[in-house]
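S.K.: Got a structure for you, written out below as structure tokens; questions coming shortly.
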Amino acid sequence: MKASLIVALLATSLTAACAGNNIFAPPPSPLERAVDNPARSEAFRARDRYRHPLETLQFFDVQPEMTVVEIWPGAGWYSEILAPYLRNRGRYIAAGFAVSDESSPRWRKDIAEDYAKKFGNAPQLYGHVEITELGAPDHWAMAEAGSADRVLTFRNVHNWIAGAYEKEMFKAIYAALKPGGVLGVVEHRAKPGTTLEQMKASGYVTEAYVIELASNAGLKLQEKSEINANPKDSKDYPQGVWTLPPTLRLGDQDKQKYLDIGESDRMTLRFIKPILAAPK
């Protein structure tokens, strides 16, 4: 056998072996590492198949050096990803419930306290998480005016509508964003033509109403995505969106049916705060 043929065969074998072992595969991105972080809670990771965090944050173009505000992070599902991702080069602001007022319900205070303990007591995992208050009656500054590169909200708009302060919330978002900054919205998606009262009762919101709220506040729709769509969701349940997981408000009644459907059908919308022209 000629030497040149032997060299060619060896090279082919080496290439195949390397391909099989992903030796030449690119290293994971910082965002991929944040999503795959083994420190994330197992219960939260189990929801990735419904919430698609990698694709969603890529769609919102969240970069590690940015100032990012997450509105009402709840128990911290996205915080477990965003806080470590932004820890070294960026800034993560968790704009939680307004709980300093006596009128704030106990359950909101409990969530806020648990959140502060989890993310405030583990700087080695999460870095410095800045916690602010946001919401009625008078806490509308989630961050310094014009300071945020990204404002993100996941499944919250229906709550603002139920509280009748959705317009104030979108104005607050506009104020916090830099010119050119982006608002990312993920929300339970209602069928077109759903009335406002039906939205309040069901927890599903029309895309048209979210776009109207954002546009009236001065934001411009950039793009839509079907990342978080779920065609199995019929949106006609006895307890609204809370019939589905993770809430499963009906308990064991038809539980497997709702587990098979999965989490709700969701819109994923990206808005931008326009860069105003310089005065002449």
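Identifiers in the structure tokens: chain A, B, ... in order shown; residue index from 1 per chain; ligand index from 1 in order shown.
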With a distance cut-off of 12 Å and only C-alpha atoms, select the neighbouring residues of A:Val157, excluding the residue or stretch itself and same-chain residues fewer than 6 positions from it, and output the selection as a PyMOL selection string.

M.R.: chain A and resi 71-72+163-170+184-189+199-200+203-207+209-211+213-214+266-267

S.K.: I need the residues of stretch 68-171 of chain A that end up classed as strand (DSSP E or B) by DSSP on the backbone, written out as a ChimeraX atom specification.

M.R.: /A:68-71,91-97,129-135,139,148-154

S.K.: Please provide as a ChimeraX atom specification all residues within 12 Å of A:Leu54, with the sequence filter that same-chain residues fewer than 6 positions apart are discarded (counting only C-alpha atoms).

M.R.: /A:28-37,45,48,60-62,78,81-82,85,227-228

S.K.: Considering only C-alpha atoms, tabulate each residue of stretch 122-207 of chain A that lies at most 12 Å from stretch 91-95 of chain A along with its nearest interatomic pair and the corresponding distance in Å to one decimal; arrange the rows by chain and ascending residue number and present them as a Markdown table.

M.R.:
| residue | atom | partner | partner_atom | distance |
| --- | --- | --- | --- | --- |
| A:Tyr126 | CA | A:Tyr92 | CA | 9.5 |
| A:Gly127 | CA | A:Tyr92 | CA | 9.0 |
| A:His128 | CA | A:Tyr92 | CA | 7.7 |
| A:Val129 | CA | A:Tyr92 | CA | 5.8 |
| A:Glu130 | CA | A:Ile93 | CA | 4.7 |
| A:Ile131 | CA | A:Ala94 | CA | 4.8 |
| A:Thr132 | CA | A:Ala95 | CA | 4.7 |
| A:Glu133 | CA | A:Ala95 | CA | 5.4 |
| A:Leu134 | CA | A:Ala95 | CA | 5.7 |
| A:Gly135 | CA | A:Ala95 | CA | 9.1 |
| A:His139 | CA | A:Ala95 | CA | 10.1 |
| A:Trp140 | CA | A:Ala95 | CA | 9.9 |
| A:Ala141 | CA | A:Ala95 | CA | 9.0 |
| A:Met142 | CA | A:Ala95 | CA | 5.6 |
| A:Ala143 | CA | A:Ile93 | CA | 7.6 |
| A:Glu144 | CA | A:Ile93 | CA | 10.7 |
| A:Ser147 | CA | A:Arg91 | CA | 10.4 |
| A:Ala148 | CA | A:Arg91 | CA | 9.1 |
| A:Asp149 | CA | A:Arg91 | CA | 9.8 |
| A:Arg150 | CA | A:Tyr92 | CA | 9.9 |
| A:Val151 | CA | A:Ile93 | CA | 9.3 |
| A:Leu152 | CA | A:Ala94 | CA | 10.0 |
| A:Thr153 | CA | A:Ala95 | CA | 9.9 |
| A:Met169 | CA | A:Ala95 | CA | 11.6 |
| A:Ala172 | CA | A:Ala95 | CA | 11.3 |
| A:Ile173 | CA | A:Ala95 | CA | 10.8 |
| A:Ala176 | CA | A:Ala95 | CA | 11.2 |

S.K.: Pick out the residues sitting within 12 Å of A:Tyr237, and hand them over as a list in words; count only C-alpha atoms, and ignore anything fewer than 4 positions along from it in its own chain.

M.R.: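 Final neighbour list, sorted by chain and number: Ala201, Ser202, Gly203, Tyr204, Asp233, Val241, Trp242, Thr243, Leu244, Leu248, Arg249, Leu250, Asp254, Lys257, Tyr258, Ile261 and Ser264 of chain A.
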
S.K.: Write out as a ChimeraX atom specification the set of residues from stretch 130-262 of chain A that DSSP, computed on the backbone, places in alpha helix (DSSP H).

M.R.: /A:157-163,166-176,196-202,207-216,255-261

S.K.: Which is closest to A:Lys178 among A:Asn121, A:Ser100, A:Thr67, A:Gln58, if we use only C-alpha atoms?

M.R.: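 Under the stated criterion, the closest residue is A:Thr67.
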
S.K.: Restricting the calculation to only C-alpha atoms, which member of A:Trp160, A:Phe271, A:Trp77, A:Tyr174 is positioned closest to A:Phe119?

M.R.: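 The answer is A:Trp77, which sits nearest to A:Phe119.
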
S.K.: Could you name the residues that touch A:Met66 at 6 Å or less, counting only C-alpha atoms, but leaving out those on the same chain fewer than 2 positions away, as a list in words?

M.R.: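 Selected residues are Gln63, Pro64, Val68, Gly90 and Asp149 of chain A.
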
S.K.: Store the residues of this selection in a file with N, CA and C atoms, as a PDB file, in the first residue's frame.

M.R.:
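Saved file selection.pdb follows:
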ATOM      1  N   GLN A  63     -27.351  39.911  26.387  1.00  0.00           N
ATOM      2  CA  GLN A  63     -25.910  39.742  26.386  1.00  0.00           C
ATOM      3  C   GLN A  63     -25.356  39.869  27.805  1.00  0.00           C
ATOM      4  N   PRO A  64     -24.219  39.197  28.110  1.00  0.00           N
ATOM      5  CA  PRO A  64     -23.738  39.134  29.499  1.00  0.00           C
ATOM      6  C   PRO A  64     -23.250  40.447  30.086  1.00  0.00           C
ATOM      7  N   VAL A  68     -30.027  44.254  32.928  1.00  0.00           N
ATOM      8  CA  VAL A  68     -31.279  43.557  32.631  1.00  0.00           C
ATOM      9  C   VAL A  68     -32.199  43.637  33.845  1.00  0.00           C
ATOM     10  N   GLY A  90     -22.332  42.097  33.770  1.00  0.00           N
ATOM     11  CA  GLY A  90     -23.562  42.857  33.628  1.00  0.00           C
ATOM     12  C   GLY A  90     -24.171  43.242  34.963  1.00  0.00           C
ATOM     13  N   ASP A 149     -30.805  47.976  29.486  1.00  0.00           N
ATOM     14  CA  ASP A 149     -30.681  47.484  28.113  1.00  0.00           C
ATOM     15  C   ASP A 149     -31.840  46.566  27.753  1.00  0.00           C
TER      16      ASP A 149
END

S.K.: Quick one: pull the distance between atom CA of A:Thr268 and atom CA of A:His158, Å, one decimal.

M.R.: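 Distance between the two atoms: 14.2 Å.
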
S.K.: So which residues touch stretch 103-118 of chain A within 9 Å, counting only C-alpha atoms, skipping near sequence neighbours fewer than 4 positions away, as a count of residues only?

M.R.: 11
